[in-house]
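Colleague: Got a file for you: upload.cif, mmCIF, C-alpha atoms.
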data_run
loop_
_atom_site.label_atom_id
_atom_site.label_comp_id
_atom_site.auth_asym_id
_atom_site.auth_seq_id
_atom_site.Cartn_x
_atom_site.Cartn_y
_atom_site.Cartn_z
CA MET W 154 15.70 -13.77 -11.70
CA ASN W 155 15.54 -14.24 -7.93
CA PRO W 156 12.20 -12.82 -6.66
CA SER W 157 13.57 -10.97 -3.61
CA LEU W 158 16.36 -9.36 -5.59
CA LYS W 159 13.98 -8.46 -8.40
CA LEU W 160 11.61 -6.80 -5.95
CA ALA W 161 14.42 -4.88 -4.28
CA THR W 162 15.72 -3.66 -7.63
CA VAL W 163 12.30 -2.50 -8.83
CA VAL W 164 11.42 -0.71 -5.59
CA LEU W 165 14.81 0.97 -5.22
CA ILE W 166 14.75 2.26 -8.80
CA ALA W 167 11.19 3.53 -8.31
CA PHE W 168 12.33 5.23 -5.12
CA GLU W 169 15.27 6.85 -6.82
CA ILE W 170 13.36 8.25 -9.77
CA SER W 171 10.89 9.79 -7.32
CA PHE W 172 13.59 12.20 -6.22
CA THR W 173 15.36 12.78 -9.51
CA GLN W 174 14.19 14.53 -12.65
CA VAL W 175 15.84 12.93 -15.64
CA LEU W 176 13.41 12.51 -18.52
CA THR W 177 15.76 10.31 -20.56
CA VAL W 178 16.05 7.74 -17.78
CA ASN W 179 12.28 7.67 -17.33
CA LEU W 180 11.79 7.02 -21.04
CA ALA W 181 14.53 4.39 -21.07
CA LEU W 182 12.94 2.61 -18.11
CA ILE W 183 9.53 2.68 -19.81
CA GLY W 184 11.04 1.22 -22.98
CA PHE W 185 12.94 -1.45 -21.06
CA SER W 186 9.88 -2.45 -19.02
CA LEU W 187 7.70 -2.65 -22.12
CA ILE W 188 10.22 -4.94 -23.81
CA VAL W 189 10.31 -7.18 -20.73
CA LEU W 190 6.50 -7.27 -20.61
CA VAL W 191 6.20 -8.14 -24.29
CA VAL W 192 8.88 -10.82 -24.03
CA GLN W 193 6.98 -12.26 -21.07
CA ARG W 194 3.88 -12.35 -23.30
CA ILE W 195 1.70 -10.07 -21.26
CA HIS W 196 -1.95 -10.16 -22.30
CA PHE W 197 -2.89 -7.30 -24.57
CA LYS W 198 -5.85 -6.41 -22.38
CA THR W 199 -3.69 -6.19 -19.27
CA LEU W 200 -1.26 -3.92 -21.05
CA LEU W 201 -4.10 -1.73 -22.28
CA TRP W 202 -5.41 -1.41 -18.73
CA LEU W 203 -1.93 -0.67 -17.40
CA THR W 204 -1.67 2.12 -19.95
CA ALA W 205 -5.14 3.66 -19.79
CA VAL W 206 -5.27 4.23 -16.03
CA PRO W 207 -1.95 6.03 -15.60
CA LEU W 208 -2.64 7.96 -18.81
CA PHE W 209 -5.80 9.33 -17.24
CA LEU W 210 -4.23 10.08 -13.85
CA ALA W 211 -0.97 11.47 -15.21
CA SER W 212 -2.82 13.77 -17.60
CA ALA W 213 -5.02 15.08 -14.79
CA LEU W 214 -2.03 15.60 -12.50
CA VAL W 215 0.05 17.38 -15.11
CA TRP W 216 -2.88 19.58 -16.10
CA SER W 217 -3.34 20.58 -12.45
CA LEU W 218 0.35 21.28 -12.06
CA ALA W 219 0.27 23.48 -15.15
CA LEU W 220 -2.73 25.45 -13.91
CA GLN W 221 -1.97 25.75 -10.21
CA GLY W 222 1.79 25.96 -10.26
CA ASP W 223 4.73 27.34 -12.14
CA ALA W 224 6.37 24.17 -13.36
CA SER W 225 8.56 24.05 -16.47
CA HIS W 226 7.65 21.87 -19.45
CA HIS W 227 10.54 19.59 -18.60
CA PHE W 228 9.26 19.09 -15.06
CA LEU W 229 5.76 18.31 -16.32
CA ALA W 230 7.16 15.74 -18.75
CA VAL W 231 9.14 14.14 -15.92
CA ILE W 232 6.05 13.86 -13.71
CA PHE W 233 4.01 12.51 -16.62
CA THR W 234 6.50 9.79 -17.56
CA ARG W 235 7.25 8.97 -13.91
CA MET W 236 3.75 7.56 -13.47
CA PHE W 237 4.29 5.16 -16.38
CA VAL W 238 7.66 4.07 -15.00
CA TYR W 239 5.98 3.15 -11.71
CA VAL W 240 3.26 1.13 -13.37
CA TYR W 241 5.27 -0.63 -16.06
CA LEU W 242 8.24 -1.32 -13.79
CA GLY W 243 5.87 -2.64 -11.13
CA ALA W 244 4.20 -4.83 -13.74
CA THR W 245 7.54 -6.38 -14.75
CA PHE W 246 7.62 -7.68 -11.20
CA THR W 247 3.98 -8.61 -10.55
CA GLN W 248 3.48 -10.19 -14.00
CA THR W 249 6.50 -12.46 -13.62
CA THR W 250 6.38 -13.42 -9.94
CA GLN W 251 4.08 -15.76 -8.05
CA PRO W 252 3.34 -14.87 -4.40
CA LEU W 253 4.43 -18.39 -3.39
CA ALA W 254 7.83 -17.97 -5.03
CA LEU W 255 8.21 -14.56 -3.40
CA ALA W 256 7.35 -15.91 0.06
CA ARG W 257 9.82 -18.76 -0.34
CA SER W 258 12.51 -16.45 -1.60
CA LEU W 259 11.94 -13.93 1.19
CA GLU W 260 12.34 -16.74 3.71
CA GLN W 261 15.35 -18.44 2.12
CA ASN W 262 17.25 -15.58 0.50
CA ALA W 263 16.20 -12.49 2.44
CA LYS W 264 16.21 -14.36 5.79
CA LEU W 265 12.72 -13.24 6.71
CA PRO W 266 11.60 -15.31 9.75
CA ALA W 267 9.51 -18.28 8.61
CA LYS W 268 6.55 -17.21 10.72
CA PHE W 269 6.24 -14.02 8.66
CA ALA W 270 6.74 -15.70 5.28
CA TYR W 271 4.16 -18.41 5.95
CA GLY W 272 1.84 -16.11 7.90
CA PHE W 273 1.65 -13.74 4.92
CA LEU W 274 1.24 -16.60 2.50
CA ALA W 275 -1.54 -18.24 4.51
CA ALA W 276 -3.47 -15.00 4.63
CA PHE W 277 -2.87 -14.16 0.96
CA ASN W 278 -4.31 -17.48 -0.04
CA LEU W 279 -7.56 -16.45 1.64
CA LEU W 280 -8.04 -13.60 -0.84
CA PRO W 281 -10.98 -15.20 -2.68
CA LYS W 282 -12.63 -16.06 0.64
CA ILE W 283 -12.10 -12.53 1.89
CA ARG W 284 -13.74 -11.07 -1.21
CA ALA W 285 -16.68 -13.42 -0.77
CA GLU W 286 -16.97 -12.48 2.90
CA VAL W 287 -17.23 -8.77 2.12
CA ALA W 288 -19.98 -9.54 -0.39
CA THR W 289 -21.75 -11.74 2.19
CA ILE W 290 -21.62 -9.02 4.83
CA HIS W 291 -23.09 -6.53 2.38
CA ALA W 292 -25.84 -8.95 1.36
CA ALA W 293 -26.66 -9.97 4.92
CA ALA W 294 -27.08 -6.32 5.89
CA LEU W 295 -29.27 -5.68 2.85
CA MET W 296 -31.56 -8.51 3.96
CA ARG W 297 -32.24 -6.48 7.08
CA GLY W 298 -32.72 -3.33 5.02
CA GLN W 299 -29.36 -1.97 6.11
CA VAL W 300 -27.02 -0.51 3.51
CA LEU W 301 -23.35 -0.68 4.47
CA HIS W 302 -21.05 1.91 2.91
CA PHE W 303 -17.31 2.20 3.12
CA TRP W 304 -17.84 4.74 5.88
CA SER W 305 -20.07 2.46 7.99
CA PRO W 306 -18.35 1.30 11.21
CA GLN W 307 -20.55 -1.83 11.23
CA LEU W 308 -18.96 -3.04 8.00
CA TYR W 309 -15.48 -2.89 9.51
CA PHE W 310 -16.69 -4.34 12.79
CA LYS W 311 -17.94 -7.46 11.06
CA VAL W 312 -14.87 -7.68 8.88
CA ILE W 313 -12.57 -7.49 11.89
CA LEU W 314 -14.48 -10.20 13.74
CA ALA W 315 -14.16 -12.46 10.69
CA ALA W 316 -10.45 -11.66 10.45
CA MET W 317 -9.90 -12.52 14.10
CA ASN W 318 -11.83 -15.75 13.76
CA TRP W 319 -9.93 -16.83 10.66
CA SER W 320 -6.52 -15.93 12.01
CA ASP W 321 -7.19 -18.06 15.10
CA GLN W 322 -8.24 -20.98 12.94
CA LEU W 323 -5.36 -20.64 10.49
CA ALA W 324 -2.80 -20.35 13.27
CA ASP W 325 -4.25 -23.45 14.92
CA ALA W 326 -4.25 -25.29 11.62
CA MET W 327 -0.59 -24.45 11.04
CA THR W 328 0.31 -25.60 14.53
CA SER W 329 -1.60 -28.83 13.91
CA HIS W 330 0.48 -29.39 10.82
CA GLY W 331 3.63 -29.18 12.88
CA PHE W 332 4.59 -25.56 12.26
CA VAL W 333 6.74 -24.32 15.13
CA GLU W 334 7.78 -20.68 15.34
CA GLY W 335 11.51 -20.24 15.24
CA ALA W 336 12.24 -23.93 14.74
CA PRO W 337 14.89 -24.81 12.11
CA ARG W 338 13.30 -25.78 8.81
CA THR W 339 14.21 -27.66 5.67
CA TYR W 340 12.96 -26.53 2.26
CA ALA W 341 10.95 -28.66 -0.13
CA VAL W 342 11.72 -26.19 -2.90
CA THR W 343 14.86 -24.10 -2.84
CA ILE W 344 14.88 -20.75 -4.57
CA PRO W 345 18.34 -20.25 -6.06
CA LEU W 346 20.21 -16.99 -5.62
CA ARG W 347 22.74 -17.16 -8.41
CA ARG W 348 25.67 -14.98 -9.21
CA ARG W 349 23.83 -14.08 -12.42
CA ASP W 350 21.02 -12.52 -10.33
CA TRP W 351 23.44 -10.29 -8.46
CA LEU W 352 25.12 -9.35 -11.72
CA LEU W 353 21.85 -8.39 -13.40
CA CYS W 354 20.74 -6.41 -10.36
CA GLY W 355 24.09 -4.63 -10.03
CA LEU W 356 24.28 -3.90 -13.74
CA GLY W 357 20.77 -2.44 -13.74
CA PHE W 358 21.69 -0.19 -10.87
CA VAL W 359 24.93 1.03 -12.37
CA VAL W 360 23.22 1.84 -15.67
CA VAL W 361 20.46 3.78 -13.89
CA GLN W 362 23.01 5.66 -11.75
CA ILE W 363 25.03 6.61 -14.82
CA GLY W 364 21.86 7.75 -16.56
CA LEU W 365 20.74 9.81 -13.58
CA PHE W 366 24.00 11.55 -12.79
CA VAL W 367 25.77 11.99 -16.10
CA GLY W 368 23.77 15.14 -16.83
CA LEU W 369 21.16 13.92 -19.28
CA PRO W 370 18.06 16.11 -19.72
CA MET R 12 6.82 -5.45 24.97
CA GLN R 13 4.72 -7.99 23.08
CA ARG R 14 6.28 -10.03 20.31
CA TRP R 15 4.89 -11.15 16.97
CA HIS R 16 3.29 -14.57 16.88
CA ILE R 17 1.90 -16.42 13.90
CA ARG R 18 -1.67 -15.54 14.87
CA ASP R 19 -0.93 -11.81 14.95
CA ILE R 20 0.92 -11.98 11.65
CA ILE R 21 -2.00 -13.73 9.97
CA LEU R 22 -4.47 -11.32 11.58
CA VAL R 23 -2.69 -8.20 10.42
CA THR R 24 -2.38 -9.64 6.90
CA ILE R 25 -6.04 -10.66 6.68
CA LEU R 26 -7.03 -7.26 8.00
CA ALA R 27 -4.88 -5.56 5.37
CA ILE R 28 -6.43 -7.66 2.61
CA PHE R 29 -9.94 -6.91 3.86
CA MET R 30 -9.20 -3.20 3.79
CA GLY R 31 -7.70 -3.59 0.33
CA VAL R 32 -10.85 -5.31 -0.93
CA ILE R 33 -13.17 -2.70 0.56
CA PHE R 34 -11.14 0.17 -0.81
CA TRP R 35 -10.97 -1.49 -4.17
CA ALA R 36 -14.62 -0.42 -4.43
CA VAL R 37 -13.58 3.19 -3.85
CA GLY R 38 -11.44 3.15 -7.01
CA PRO R 39 -14.26 4.24 -9.35
CA LEU R 40 -15.12 7.07 -6.96
CA TYR R 41 -11.53 8.27 -7.21
CA ALA R 42 -11.73 8.17 -10.99
CA VAL R 43 -14.98 10.13 -11.02
CA LEU R 44 -13.63 12.72 -8.57
CA THR R 45 -10.45 13.07 -10.62
CA ALA R 46 -12.42 13.51 -13.82
CA ALA R 47 -14.68 16.09 -12.17
CA LEU R 48 -11.88 18.11 -10.58
CA ALA R 49 -9.25 17.81 -13.29
CA PRO R 50 -10.61 20.41 -15.75
CA ALA R 51 -10.29 23.09 -13.06
CA GLY R 52 -6.77 21.91 -12.32
CA LEU R 53 -7.79 20.56 -8.94
CA GLN R 54 -6.92 16.89 -9.50
CA PRO R 55 -4.73 16.59 -6.38
CA LEU R 56 -7.79 17.46 -4.29
CA ALA R 57 -9.35 14.13 -5.34
CA ASN R 58 -6.25 12.48 -3.97
CA GLU R 59 -6.31 14.47 -0.73
CA LEU R 60 -10.02 13.93 -0.12
CA LEU R 61 -9.81 10.16 -0.39
CA LEU R 62 -6.36 9.61 1.07
CA GLY R 63 -7.81 9.04 4.53
CA ILE R 64 -9.55 5.91 3.29
CA TRP R 65 -6.37 4.40 1.91
CA VAL R 66 -4.32 5.06 5.02
CA MET R 67 -6.97 3.68 7.38
CA ALA R 68 -5.44 0.20 7.57
CA GLY R 69 -2.52 1.69 9.53
CA PRO R 70 -4.32 3.21 12.54
CA LEU R 71 -6.86 0.38 12.58
CA ALA R 72 -4.17 -2.32 12.71
CA GLY R 73 -2.16 -0.28 15.21
CA PHE R 74 -5.17 0.10 17.48
CA ILE R 75 -6.32 -3.52 17.33
CA ILE R 76 -3.01 -5.38 17.33
CA ARG R 77 -1.07 -3.62 20.03
CA ILE R 78 2.43 -4.67 19.03
CA PRO R 79 5.06 -2.22 17.80
CA GLY R 80 5.18 -2.29 14.01
CA SER R 81 1.58 -3.38 13.45
CA ALA R 82 0.48 -0.07 11.91
CA THR R 83 3.40 -0.13 9.49
CA LEU R 84 2.87 -3.77 8.63
CA GLY R 85 -0.90 -3.40 8.17
CA GLU R 86 -0.54 -0.48 5.79
CA PHE R 87 2.44 -1.96 3.94
CA LEU R 88 0.75 -5.32 3.37
CA GLY R 89 -2.38 -3.53 2.18
CA SER R 90 -0.28 -1.82 -0.46
CA ALA R 91 1.33 -5.14 -1.43
CA VAL R 92 -2.15 -6.57 -2.03
CA GLU R 93 -3.04 -3.53 -4.09
CA MET R 94 0.11 -3.88 -6.17
CA PHE R 95 -0.54 -7.56 -6.90
CA LEU R 96 -4.14 -6.78 -7.83
CA GLY R 97 -2.76 -4.25 -10.30
CA GLY R 98 -3.11 -0.93 -8.52
CA THR R 99 -2.78 2.31 -10.43
CA TRP R 100 0.49 3.36 -8.85
CA GLY R 101 2.49 0.24 -9.69
CA ALA R 102 5.87 -0.13 -8.05
CA SER R 103 5.53 3.07 -6.06
CA THR R 104 2.51 1.59 -4.25
CA LEU R 105 4.87 -0.39 -2.03
CA ILE R 106 6.89 2.70 -1.19
CA SER R 107 3.73 4.71 -0.49
CA GLY R 108 2.47 1.89 1.70
CA ALA R 109 5.67 1.88 3.72
CA VAL R 110 5.66 5.68 3.97
CA GLN R 111 2.01 5.78 5.10
CA GLY R 112 2.58 2.93 7.53
CA ILE R 113 5.57 4.59 9.14
CA GLY R 114 3.58 7.83 9.26
CA SER R 115 0.78 6.31 11.32
CA GLU R 116 3.23 4.20 13.35
CA LEU R 117 4.93 7.37 14.59
CA GLY R 118 1.69 8.41 16.29
CA PHE R 119 1.55 5.16 18.26
CA ALA R 120 5.28 5.27 18.99
CA ALA R 121 4.94 8.83 20.32
CA VAL R 122 2.84 7.56 23.23
CA GLY R 123 5.09 4.54 23.73
CA TYR R 124 2.43 2.02 22.60
CA LYS R 125 0.80 2.48 25.99
CA VAL R 126 -2.08 4.88 25.40
CA TYR R 127 -4.92 3.90 23.09
CA ASN R 128 -7.45 6.72 22.86
CA TRP R 129 -8.26 9.92 20.98
CA LEU R 130 -4.86 11.39 21.63
CA THR R 131 -3.16 8.45 19.94
CA LEU R 132 -5.41 8.55 16.89
CA THR R 133 -5.07 12.32 16.52
CA LEU R 134 -1.30 12.11 16.81
CA SER R 135 -1.28 9.29 14.30
CA ALA R 136 -3.38 11.32 11.85
CA LEU R 137 -1.02 14.24 12.26
CA THR R 138 2.17 12.25 11.69
CA THR R 139 0.59 10.42 8.74
CA THR R 140 -0.34 13.73 7.14
CA LEU R 141 3.12 15.21 7.51
CA VAL R 142 5.07 12.15 6.42
CA THR R 143 2.89 11.36 3.39
CA PHE R 144 2.80 15.01 2.34
CA LEU R 145 6.58 15.12 2.31
CA TRP R 146 6.59 12.02 0.07
CA ASP R 147 4.08 13.54 -2.35
CA TYR R 148 6.04 16.78 -2.30
CA PHE R 149 8.70 14.94 -4.25
CA ARG R 150 6.85 12.09 -5.94
CA SER R 151 3.85 13.90 -7.34
CA GLY R 152 5.63 17.16 -8.01
CA TYR R 153 3.79 19.10 -5.30
CA ASN R 154 6.84 21.33 -4.96
CA ALA R 155 5.75 23.06 -8.16
CA TYR R 156 2.44 24.29 -6.72
CA HIS R 157 1.92 27.80 -5.41
CA LEU R 158 2.15 28.03 -1.64
CA GLY R 159 -1.53 28.87 -1.14
CA PHE R 160 -2.73 25.82 -3.06
CA LEU R 161 -0.19 23.68 -1.26
CA LEU R 162 -1.61 24.75 2.11
CA VAL R 163 -5.14 23.95 0.95
CA LEU R 164 -3.95 20.48 -0.05
CA LEU R 165 -2.27 19.98 3.33
CA VAL R 166 -5.38 21.00 5.29
CA VAL R 167 -7.70 18.85 3.17
CA ARG R 168 -5.34 15.92 3.58
CA PHE R 169 -5.30 16.22 7.36
CA ALA R 170 -9.10 16.54 7.46
CA SER R 171 -9.50 13.40 5.36
CA ILE R 172 -6.99 11.37 7.38
CA PHE R 173 -8.55 12.57 10.62
CA VAL R 174 -12.09 11.67 9.53
CA PHE R 175 -11.18 8.15 8.40
CA GLY R 176 -8.10 7.31 10.45
CA GLY R 177 -9.36 9.15 13.52
CA ILE R 178 -13.12 9.39 13.79
CA LEU R 179 -14.14 6.31 11.81
CA THR R 180 -11.40 4.22 13.39
CA ARG R 181 -12.54 5.36 16.82
CA LEU R 182 -16.16 4.41 16.04
CA ILE R 183 -15.06 0.98 14.88
CA THR R 184 -12.87 0.36 17.91
CA ASN R 185 -15.72 1.54 20.18
CA LEU R 186 -17.90 -1.18 18.70
CA LEU R 187 -15.11 -3.70 19.28
CA THR R 188 -14.69 -2.56 22.87
CA ARG R 189 -18.40 -2.89 23.51
CA ALA R 190 -18.27 -6.42 22.10
CA HIS R 191 -15.37 -7.10 24.51
CA VAL R 192 -13.07 -7.93 21.64
CA LEU R 193 -10.73 -5.10 22.60
CA PRO R 194 -9.76 -4.15 26.15
CA ALA R 195 -11.59 -1.07 27.44
CA THR R 196 -9.50 2.04 26.81
CA SER R 197 -9.09 4.97 29.14
CA LYS R 198 -12.05 7.33 28.74
CA ASN R 199 -11.13 10.46 26.89
#
Have the structure of the file written as structure tokens, please.
Modeller:
Amino acid sequence: MNPSLKLATVVLIAFEISFTQVLTVNLALIGFSLIVLVVQRIHFKTLLWLTAVPLFLASALVWSLALQGDASHHFLAVIFTRMFVYVYLGATFTQTTQPLALARSLEQNAKLPAKFAYGFLAAFNLLPKIRAEVATIHAAALMRGQVLHFWSPQLYFKVILAAMNWSDQLADAMTSHGFVEGAPRTYAVTIPLRRRDWLLCGLGFVVVQIGLFVGLP
Amino acid sequence: MQRWHIRDIILVTILAIFMGVIFWAVGPLYAVLTAALAPAGLQPLANELLLGIWVMAGPLAGFIIRIPGSATLGEFLGSAVEMFLGGTWGASTLISGAVQGIGSELGFAAVGYKVYNWLTLTLSALTTTLVTFLWDYFRSGYNAYHLGFLLVLLVVRFASIFVFGGILTRLITNLLTRAHVLPATSKN
């Protein structure tokens, strides 16, 4: 399915179920997402992780709601299952979509200006370097007997300087490669937006709307 | 009004990823806090206490990259990173990111993107608190809590956002100003 459309569908459904309280739809969405994940051959360990964390958080949240509030059992069940819908539905997107494909699709199909699509992509590709930089900053401070915590301004100061440095270099590098903001571009790889994608997206929406507003528990 | 250029776009994204990586380390702390507070039915407090850390990318980006939309973009991209890394909130992470980003953006918009000092950061903390609380009111079922507990949550949330998005952000930007990376702001 087209990455942009898939993302829009997932986020809009997640948004909608945040304001509605239909247990059946939540359960149906969980079931559907699990089927998609299994068909996509998700690793068992990933699935276990995706289940354990929300299980822990949802249990704690529901327990608090039961103690500190006056929620009905139905409401508690809705809140409990909602967390799993978020995580599983989100995973159907993240487990099946590469950032590169998403950036291309956002540029070609969603008409996001190229400078944003490629700017995001360039930065996202630095992720391993960014992780290493944070570790380096920590280590360098330790060498001077300085422990940096997440509340230490110095940590962020150094991080921001690195970010500014890298963004200058990356922007220069892109300009050197002939990237011009706002210039018309051709695409080496086109991301198709087929009628089938619209149909799937529309169908998903209609089914969820029917489920939400037909009066199911 | 300044416009977005490729350098700013890359900067705000790298900044968001950096924040995402740092706050990744806070995850275990959240789990421990949740586990400690949950038996007493105080789980949301863990959320409120640490929320300031997660929404810090907004005010920081807004303060450093002085272009309308930078706070929203910084926070939103941070959440996108979190979602791709496999964050605990899945698909709703993106919505939360947008909500938090718009929340802190409102503070900067309120002063017309012209004033960058304590007032701006305090306003931003205030708008972030209100907007994100409204979102949790629906998403996390906060509407089922008793009024007293709800008020406690609101106050703790503002305190957390003010400490991280206000005080810590101010300390960081002070360092940047002293290093002449940021223009000197009006004394306040």
Colleague: Go through chain R and flag each residue having an atom no more than 6 Å from chain W; for those, report the closest pair of atoms plus their distance in Å to one decimal, using only C-alpha atoms, ordered by chain and rising number, as JSON lines.
Modeller:
{"residue": "R:Ile17", "atom": "CA", "partner": "W:Lys268", "partner_atom": "CA", "distance": 5.7}
{"residue": "R:Arg18", "atom": "CA", "partner": "W:Ala324", "partner_atom": "CA", "distance": 5.2}
{"residue": "R:Ile20", "atom": "CA", "partner": "W:Gly272", "partner_atom": "CA", "distance": 5.7}
{"residue": "R:Ile21", "atom": "CA", "partner": "W:Gly272", "partner_atom": "CA", "distance": 5.0}
{"residue": "R:Leu22", "atom": "CA", "partner": "W:Ser320", "partner_atom": "CA", "distance": 5.1}
{"residue": "R:Thr24", "atom": "CA", "partner": "W:Ala276", "partner_atom": "CA", "distance": 5.9}
{"residue": "R:Ile25", "atom": "CA", "partner": "W:Ala276", "partner_atom": "CA", "distance": 5.4}
{"residue": "R:Ala49", "atom": "CA", "partner": "W:Ala213", "partner_atom": "CA", "distance": 5.3}
{"residue": "R:Gly52", "atom": "CA", "partner": "W:Ser217", "partner_atom": "CA", "distance": 3.7}
{"residue": "R:Leu53", "atom": "CA", "partner": "W:Ser217", "partner_atom": "CA", "distance": 5.7}
{"residue": "R:Gln54", "atom": "CA", "partner": "W:Leu214", "partner_atom": "CA", "distance": 5.9}
{"residue": "R:Phe95", "atom": "CA", "partner": "W:Thr247", "partner_atom": "CA", "distance": 5.9}
{"residue": "R:Trp100", "atom": "CA", "partner": "W:Val240", "partner_atom": "CA", "distance": 5.8}
{"residue": "R:Gly101", "atom": "CA", "partner": "W:Val240", "partner_atom": "CA", "distance": 3.9}
{"residue": "R:Ala102", "atom": "CA", "partner": "W:Gly243", "partner_atom": "CA", "distance": 4.0}
{"residue": "R:Ser103", "atom": "CA", "partner": "W:Tyr239", "partner_atom": "CA", "distance": 5.7}
{"residue": "R:Phe149", "atom": "CA", "partner": "W:Phe172", "partner_atom": "CA", "distance": 5.9}
{"residue": "R:Arg150", "atom": "CA", "partner": "W:Ser171", "partner_atom": "CA", "distance": 4.8}
{"residue": "R:Ala155", "atom": "CA", "partner": "W:Gly222", "partner_atom": "CA", "distance": 5.3}
{"residue": "R:Tyr156", "atom": "CA", "partner": "W:Gly222", "partner_atom": "CA", "distance": 4.0}
{"residue": "R:His157", "atom": "CA", "partner": "W:Gly222", "partner_atom": "CA", "distance": 5.2}
{"residue": "R:Ile183", "atom": "CA", "partner": "W:Pro306", "partner_atom": "CA", "distance": 4.9}
Colleague: Could you jot down the CA of Leu353 in chain W to CA of Ser157 in chain W separation for me, Å, one decimal place?
Modeller: 13.1 Å
Colleague: Measure the distance from CA of Ile75 in chain R to CA of Tyr124 in chain R in Å and round it to one decimal.
Modeller: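 Pair CA of Ile75 in chain R / CA of Tyr124 in chain R returns 11.6 Å.
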Colleague: Could you work out how far CA of Leu137 in chain R lies from CA of Lys125 in chain R, giving the answer in Å with one decimal?
Modeller: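 Rounded to one decimal, the two atoms are 18.2 Å apart.
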Colleague: Do you know which residues are at most 12 Å from Trp351 in chain W counting only C-alpha atoms, after dropping those on the same chain fewer than 2 positions away, and could you put them as a PyMOL selection string?
Modeller: chain W and resi 154-159+161-162+345-349+353-358
Colleague: Mind checking which residues fall within 10 Å of Phe175 in chain R, counting only C-alpha atoms, ignoring those fewer than 3 positions away in the same chain, and posting them as JSON, numbers by chain?
Modeller: {"W": [304], "R": [61, 62, 63, 64, 65, 66, 67, 68, 70, 71, 136, 170, 171, 172, 178, 179, 180, 181, 182]}
Colleague: Excluding Thr104 in chain R and residues on its chain fewer than 2 positions from it, collect all residues at most 8 Å away from it, counting all atoms listed in the file, and give them as a list in words.
Modeller: Ser90, Ala91, Glu93, Met94, Gly98, Trp100, Gly101, Ala102, Ile106, Ser107 and Gly108 of chain R
Colleague: For the PyMOL selection byres ((chain W and resi 262) around 8), applied here, can you spell out every residue it catches as a short mmCIF file (atom, residue, chain, number, x, y, z; two decimals) with C-alpha atoms, keeping the file's coordinate frame?
Modeller:
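That gives us out-v5.cif:
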data_model
loop_
_atom_site.label_atom_id
_atom_site.label_comp_id
_atom_site.auth_asym_id
_atom_site.auth_seq_id
_atom_site.Cartn_x
_atom_site.Cartn_y
_atom_site.Cartn_z
CA SER W 157 13.57 -10.97 -3.61
CA SER W 258 12.51 -16.45 -1.60
CA LEU W 259 11.94 -13.93 1.19
CA GLU W 260 12.34 -16.74 3.71
CA GLN W 261 15.35 -18.44 2.12
CA ALA W 263 16.20 -12.49 2.44
CA LYS W 264 16.21 -14.36 5.79
CA ILE W 344 14.88 -20.75 -4.57
CA LEU W 346 20.21 -16.99 -5.62
#
Colleague: Which residue is closest to Phe173 in chain R? Choose from R:Ala42, R:Leu132, R:Val142, R:Ile28 and count only C-alpha atoms.
Modeller: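 The closest residue to Phe173 in chain R is R:Leu132.
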Colleague: Using all atoms listed in the file, which residue out of R:Ala36, R:Leu105, R:Val174, R:Leu145 lies closest to Thr133 in chain R?
Modeller: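 Closest candidate: R:Val174.
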Colleague: Might I get the box with edges along x, y and z of the file that holds all atoms of range 216-231 of chain W listed there, padded by 4 Å on every side, given as centre and edge lengths in Å to one decimal, as lines of an AutoDock Vina configuration file?
Modeller:
center_x = 3.6
center_y = 20.7
center_z = -14.8
size_x = 21.9
size_y = 21.2
size_z = 17.2
